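Below: the structure, in structure tokens.
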Amino acid sequence: MKIFVINLDVAKDRWATYKDDDRFTRWPATHYDNLPENHEIFKDMISYWNIDPKEHRAKCACFLSHTSLYQHIIKNHLFDVLILEDDAELIDEIPDNLPQDGFTYLGGFSSNTKLTDGPKKVEFEEGINPIQHNEYRMLCCLAIYIPNPRVALKMYQACHERGRPRAVDTMLRDAVISQYVSYPASVIERKCESTIRKGSRNKFCNKYYEWKK
């Protein structure tokens with residue numbers, strides 16, 4: 001399995017968690033300061049009207065970090081790929097025989113289908129669960145398994161070809177491909193400050209796909 005960790009150049013402390021383990025390959029994340037001021041993503045990305053401008057720009061850069069990696073998987077015809085964000089903590093073995101017809105969440109949290117209603121506790125069964133899109137949605141791209149370039153293409157298309165972009169985790173819901181949750185999660189979120197939302201942060205993704213203190 002090829003494991004990529006999306007990591008900003010400035011976040012050396014986060015990469016230190018992985019750098020001495022040859023299972024992990026660093027994928028340089030996009031920083032908004034390295035994008036031109038007139039980059040189309042800044043005006044195309046949909047955010048709430050009262051979002052902090054820096055948070056909006058960070059969300060745009062996060063979107064590009066993930067989708068550029070999907071594109072890399074497609075172009076290089078990669079199979080058996082796990083993508084981690086750099087605040088991911090691998091707490092259990094990656095399950096064998098993960099689905100090959102779609103992507104699988106190995107971390108993150110479950111939410112009401114209407115985002116403003118907040119997180120929703122879902123009673124997953126142990127093992128692989130097909131996502132029930134009419135009942136809940138999955139948020140956070142903390143850890144996602146992509147079995148082959150065809151699946152990566154569907155993910156890329158969902159982000160770039162289905163209207164104006166939103167946060168990458170909300171766009172993936174519309175990917176025309178099977179989507180799964182592996183339960184309990186193999187990956188949880190380390191307790192560190194967000195690189196998108198600055199300031200206090202006291203909730204994190206646990207192994208039950210909850211967003212809890």
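For the structure tokens, the naming scheme is as follows: chains receive sequential letters (A, B, ...) according to their order of presentation, residues are indexed from 1 within each chain, and ligands are indexed from 1 in presentation order.
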Counting only C-alpha atoms, what are the residues of segment 73-140 of chain A within 12 Å of segment 177-194 of chain A, and for each of them which pair of atoms is the nearest and at what distance in Å, to one decimal? Sort the table by chain and rising number, as a Markdown table.
```
| residue | atom | partner | partner_atom | distance |
| --- | --- | --- | --- | --- |
| A:Leu82 | CA | A:Val187 | CA | 11.2 |
| A:Ile83 | CA | A:Val187 | CA | 11.1 |
| A:Leu84 | CA | A:Val187 | CA | 8.8 |
| A:Glu85 | CA | A:Glu189 | CA | 9.0 |
| A:Asp86 | CA | A:Arg190 | CA | 9.0 |
| A:Asp87 | CA | A:Arg190 | CA | 5.3 |
| A:Ala88 | CA | A:Glu189 | CA | 4.9 |
| A:Glu89 | CA | A:Ile188 | CA | 5.3 |
| A:Leu90 | CA | A:Val187 | CA | 4.5 |
| A:Ile91 | CA | A:Ser186 | CA | 5.6 |
| A:Asp92 | CA | A:Ser186 | CA | 4.8 |
| A:Glu93 | CA | A:Ser186 | CA | 6.4 |
| A:Ile94 | CA | A:Ser186 | CA | 6.2 |
| A:Pro95 | CA | A:Ser182 | CA | 8.0 |
| A:Asp96 | CA | A:Ser182 | CA | 10.7 |
| A:Asn97 | CA | A:Ser182 | CA | 11.1 |
| A:Leu98 | CA | A:Ser182 | CA | 8.4 |
| A:Pro99 | CA | A:Tyr180 | CA | 7.9 |
| A:Gln100 | CA | A:Ser178 | CA | 9.2 |
| A:Asp101 | CA | A:Ser178 | CA | 6.2 |
| A:Gly102 | CA | A:Ser178 | CA | 4.4 |
| A:Phe103 | CA | A:Gln179 | CA | 5.2 |
| A:Thr104 | CA | A:Tyr180 | CA | 4.5 |
| A:Tyr105 | CA | A:Val181 | CA | 4.8 |
| A:Leu106 | CA | A:Ala185 | CA | 5.1 |
| A:Gly107 | CA | A:Val187 | CA | 5.0 |
| A:Gly108 | CA | A:Ile188 | CA | 7.3 |
| A:Phe109 | CA | A:Ala185 | CA | 9.5 |
| A:Ser110 | CA | A:Val181 | CA | 9.8 |
| A:Val122 | CA | A:Tyr183 | CA | 10.8 |
| A:Glu123 | CA | A:Tyr183 | CA | 9.8 |
| A:Phe124 | CA | A:Tyr183 | CA | 6.6 |
| A:Glu125 | CA | A:Tyr183 | CA | 6.7 |
| A:Glu126 | CA | A:Tyr183 | CA | 5.1 |
| A:Gly127 | CA | A:Tyr183 | CA | 5.1 |
| A:Ile128 | CA | A:Ser182 | CA | 4.6 |
| A:Asn129 | CA | A:Val181 | CA | 5.1 |
| A:Pro130 | CA | A:Tyr180 | CA | 4.4 |
| A:Ile131 | CA | A:Tyr180 | CA | 5.2 |
| A:Gln132 | CA | A:Tyr180 | CA | 9.0 |
| A:His133 | CA | A:Gln179 | CA | 9.3 |
| A:Tyr136 | CA | A:Val181 | CA | 11.8 |
| A:Arg137 | CA | A:Gln179 | CA | 10.6 |
| A:Met138 | CA | A:Val181 | CA | 8.6 |
| A:Leu139 | CA | A:Val181 | CA | 11.3 |
| A:Cys140 | CA | A:Glu189 | CA | 9.9 |
```
Can you pull out every residue from segment 43-192 of chain A that DSSP, working from the backbone, puts in strand (DSSP E), and format the result as a PyMOL selection string? chain A and resi 81-85+88-90+102-105+109-111+127-130+137-139+143-146+178-183+187-189
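Compared by their closest atoms to Ile46 of chain A, and using only C-alpha atoms, the residues A:Met171, A:Ala158, A:Ala152, A:Val176 rank with A:Met171 nearest.
Using only C-alpha atoms, the nearest neighbour of Asn7 of chain A within the list A:Cys60, A:Ile144, A:Leu69, A:Leu78 is A:Leu69.
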Of A:Val168, A:Arg150, A:Gly163, A:Arg26, the one sitting nearest His66 of chain A when using only C-alpha atoms is A:Val168
If you run DSSP on the backbone here, which positions in chain A get helix (DSSP H, G or I)? Please write them as a ChimeraX atom specification. /A:12-15,32-34,40-44,53-75,115-117,149-160,168-172
Min atom-atom distance to Ser47 of chain A from the set A:Trp27, A:Lys207, A:Asp174, A:Arg164, counting only C-alpha atoms, belongs to A:Arg164
- Message: Can you pull out the residues contacting Val81 of chain A? Cut-off 7 Å, using only C-alpha atoms, and skip same-chain residues under 4 positions away; I want them as a list in words.
- Response: Met1, Lys2, Ile3, Tyr145, Ile146 and Pro147 of chain A
Which residues come within 7 Å of Pro119 of chain A, counting only C-alpha atoms, excluding same-chain residues fewer than 6 positions away, as a list of chain:residue names?
-> A:Ser110, A:Ser111, A:Asn112, A:Trp211
